[in-house]
$ cat final.csv   # CSV, N, CA and C atoms
chain,number,residue,atom,x,y,z
A,136,MET,N,0.8,-1.2,0.0
A,136,MET,CA,0.0,0.0,0.0
A,136,MET,C,0.9,1.2,0.0
A,137,GLN,N,0.6,2.2,-0.9
A,137,GLN,CA,1.5,3.4,-1.0
A,137,GLN,C,1.1,4.5,0.0
A,138,PHE,N,-0.1,4.5,0.5
A,138,PHE,CA,-0.5,5.6,1.3
A,138,PHE,C,0.4,5.8,2.6
A,139,PRO,N,0.6,4.8,3.3
A,139,PRO,CA,1.5,5.0,4.5
A,139,PRO,C,2.9,5.5,4.2
A,140,ARG,N,3.4,5.0,3.1
A,140,ARG,CA,4.8,5.4,2.7
A,140,ARG,C,4.8,6.8,2.3
A,141,ILE,N,3.8,7.3,1.5
A,141,ILE,CA,3.7,8.7,1.0
A,141,ILE,C,3.5,9.6,2.2
A,142,CYS,N,2.7,9.2,3.2
A,142,CYS,CA,2.4,10.0,4.4
A,142,CYS,C,3.7,10.1,5.2
A,143,ALA,N,4.4,9.0,5.4
A,143,ALA,CA,5.6,9.0,6.2
A,143,ALA,C,6.6,9.9,5.6
A,144,GLU,N,6.8,9.9,4.3
A,144,GLU,CA,7.7,10.7,3.6
A,144,GLU,C,7.3,12.2,3.8
A,145,PHE,N,6.1,12.5,3.6
A,145,PHE,CA,5.6,13.9,3.7
A,145,PHE,C,5.8,14.4,5.1
A,146,PHE,N,5.5,13.7,6.2
A,146,PHE,CA,5.7,14.1,7.5
A,146,PHE,C,7.1,13.8,8.1
A,147,LYS,N,7.9,13.3,7.3
A,147,LYS,CA,9.3,13.0,7.7
A,147,LYS,C,9.4,12.1,9.0
A,148,LEU,N,8.6,11.0,9.0
A,148,LEU,CA,8.5,10.2,10.1
A,148,LEU,C,9.8,9.2,10.1
A,149,PRO,N,10.2,8.8,11.3
A,149,PRO,CA,11.3,7.9,11.4
A,149,PRO,C,10.9,6.6,10.7
A,150,SER,N,11.8,5.8,10.2
A,150,SER,CA,11.5,4.5,9.5
A,150,SER,C,10.8,3.5,10.3
A,151,HIS,N,10.9,3.5,11.7
A,151,HIS,CA,10.2,2.5,12.5
A,151,HIS,C,8.8,2.9,12.8
A,152,LEU,N,8.3,4.0,12.3
A,152,LEU,CA,6.9,4.4,12.5
A,152,LEU,C,6.1,4.3,11.2
A,153,GLU,N,4.9,3.9,11.3
A,153,GLU,CA,4.0,3.7,10.2
A,153,GLU,C,2.7,4.4,10.5
A,154,PRO,N,2.3,5.4,9.7
A,154,PRO,CA,1.0,6.1,9.9
A,154,PRO,C,-0.2,5.1,9.6
A,155,ILE,N,-1.2,5.1,10.5
A,155,ILE,CA,-2.3,4.2,10.3
A,155,ILE,C,-3.6,5.0,10.1
A,156,ALA,N,-3.6,6.3,10.5
A,156,ALA,CA,-4.8,7.1,10.3
A,156,ALA,C,-4.4,8.6,10.3
A,157,LEU,N,-5.2,9.4,9.6
A,157,LEU,CA,-5.0,10.8,9.5
A,157,LEU,C,-6.3,11.5,9.9
A,158,ILE,N,-6.3,12.5,10.7
A,158,ILE,CA,-7.5,13.2,11.1
A,158,ILE,C,-7.3,14.7,10.6
A,159,PRO,N,-8.1,15.1,9.6
A,159,PRO,CA,-8.0,16.5,9.2
A,159,PRO,C,-8.6,17.4,10.2
A,160,VAL,N,-7.9,18.5,10.5
A,160,VAL,CA,-8.3,19.5,11.4
A,160,VAL,C,-8.2,20.9,10.8
A,161,GLY,N,-9.2,21.7,10.9
A,161,GLY,CA,-9.1,23.1,10.4
A,161,GLY,C,-10.5,23.6,10.0
A,162,TYR,N,-10.5,24.6,9.2
A,162,TYR,CA,-11.7,25.3,8.8
A,162,TYR,C,-11.8,25.1,7.3
A,163,PRO,N,-13.1,25.0,6.7
A,163,PRO,CA,-13.2,24.9,5.3
A,163,PRO,C,-12.7,26.1,4.6
A,164,ASP,N,-12.3,25.9,3.4
A,164,ASP,CA,-11.8,27.0,2.5
A,164,ASP,C,-12.9,27.9,2.0
A,165,GLU,N,-14.1,27.4,1.9
A,165,GLU,CA,-15.2,28.2,1.3
A,165,GLU,C,-16.1,28.6,2.4
A,166,GLN,N,-17.0,29.5,2.1
A,166,GLN,CA,-17.9,30.0,3.1
A,166,GLN,C,-19.0,28.9,3.3
A,167,VAL,N,-19.3,28.7,4.6
A,167,VAL,CA,-20.3,27.7,4.9
A,167,VAL,C,-21.7,28.2,4.8
A,168,ILE,N,-22.6,27.5,4.2
A,168,ILE,CA,-24.0,27.9,4.0
A,168,ILE,C,-24.7,27.4,5.3
A,169,PRO,N,-25.4,28.2,6.0
A,169,PRO,CA,-26.1,27.8,7.2
A,169,PRO,C,-27.2,26.8,6.9
A,170,HIS,N,-27.3,25.8,7.7
A,170,HIS,CA,-28.4,24.8,7.6
A,170,HIS,C,-29.8,25.4,7.8
A,171,LYS,N,-30.8,24.7,7.3
A,171,LYS,CA,-32.1,25.2,7.6
A,171,LYS,C,-32.4,24.9,9.1
A,172,LYS,N,-33.2,25.8,9.6
A,172,LYS,CA,-33.6,25.6,11.0
A,172,LYS,C,-34.4,24.3,11.2
A,173,ARG,N,-34.1,23.5,12.2
A,173,ARG,CA,-34.8,22.3,12.5
A,173,ARG,C,-36.1,22.5,13.2
A,174,LYS,N,-37.0,21.6,12.9
A,174,LYS,CA,-38.3,21.7,13.6
A,174,LYS,C,-38.1,21.3,15.0
A,175,GLU,N,-39.0,21.8,15.9
A,175,GLU,CA,-39.0,21.4,17.3
A,175,GLU,C,-39.4,19.9,17.3
A,176,ALA,N,-38.8,19.2,18.3
A,176,ALA,CA,-39.1,17.8,18.5
A,176,ALA,C,-40.6,17.6,18.7
A,177,SER,N,-41.3,18.5,19.4
A,177,SER,CA,-42.7,18.3,19.6
A,177,SER,C,-43.6,18.4,18.3
A,178,GLU,N,-43.0,19.0,17.2
A,178,GLU,CA,-43.7,19.0,15.9
A,178,GLU,C,-43.6,17.7,15.2
A,179,ILE,N,-42.6,16.9,15.5
A,179,ILE,CA,-42.4,15.7,14.7
A,179,ILE,C,-42.6,14.4,15.5
A,180,ILE,N,-42.6,14.5,16.8
A,180,ILE,CA,-42.8,13.3,17.6
A,180,ILE,C,-44.3,13.3,18.1
A,181,HIS,N,-44.9,12.1,17.9
A,181,HIS,CA,-46.3,12.0,18.3
A,181,HIS,C,-46.3,10.8,19.3
A,182,TRP,N,-47.0,11.0,20.4
A,182,TRP,CA,-47.2,9.9,21.5
A,182,TRP,C,-48.6,9.4,21.4
A,183,ASN,N,-48.8,8.2,21.0
A,183,ASN,CA,-50.1,7.5,21.0
A,183,ASN,C,-51.1,8.2,20.1
A,184,LYS,N,-50.7,8.9,19.1
A,184,LYS,CA,-51.6,9.6,18.2
A,184,LYS,C,-50.9,10.0,16.9
A,185,PHE,N,-51.6,10.4,15.9
A,185,PHE,CA,-51.0,10.8,14.7
A,185,PHE,C,-51.4,12.2,14.4
$ encode --input "final.csv" --output "structure tokens"
Amino acid sequence: MQFPRICAEFFKLPSHLEPIALIPVGYPDEQVIPHKKRKEASEIIHWNKF
């Protein structure tokens, strides 16, 4: 598998270490569009009726 080797070279890891996972951290490059407002739970949950 090439991915661990490429990552190890990029991060200049010692040869006895092998990357097994990467977690991206940061902010998106583009402007985030706000999500639609969610309905209240009481509007969508019904107890013993429809």
$ atom_distance --input "final.csv" --atom1 "atom N of Pro159 of chain A" --atom2 "atom CA of Lys172 of chain A"
27.6 Å
$ closest_residue --input "final.csv" --among "A:Gln166, A:Glu175, A:Trp182, A:Pro139" --to "Glu153 of chain A" --atoms "all atoms listed in the file"
A:Pro139
$ select_by_dssp --input "final.csv" --residues "chain A" --states "alpha helix (DSSP H)" --output "number ranges by chain"
A: 137-145, 176-179
$ residues_around --input "final.csv" --residues "Phe138 of chain A" --least-positions-apart "3" --cutoff "12 Å" --atoms "only C-alpha atoms" --output "JSON, numbers by chain"
{"A": [141, 142, 143, 144, 145, 153, 154, 155, 156, 157]}
$ atom_distance --input "final.csv" --atom1 "atom CA of Phe146 of chain A" --atom2 "atom CA of Gly161 of chain A"
17.6 Å
$ atom_distance --input "final.csv" --atom1 "atom CA of Ser150 of chain A" --atom2 "atom N of Gln137 of chain A"
15.2 Å
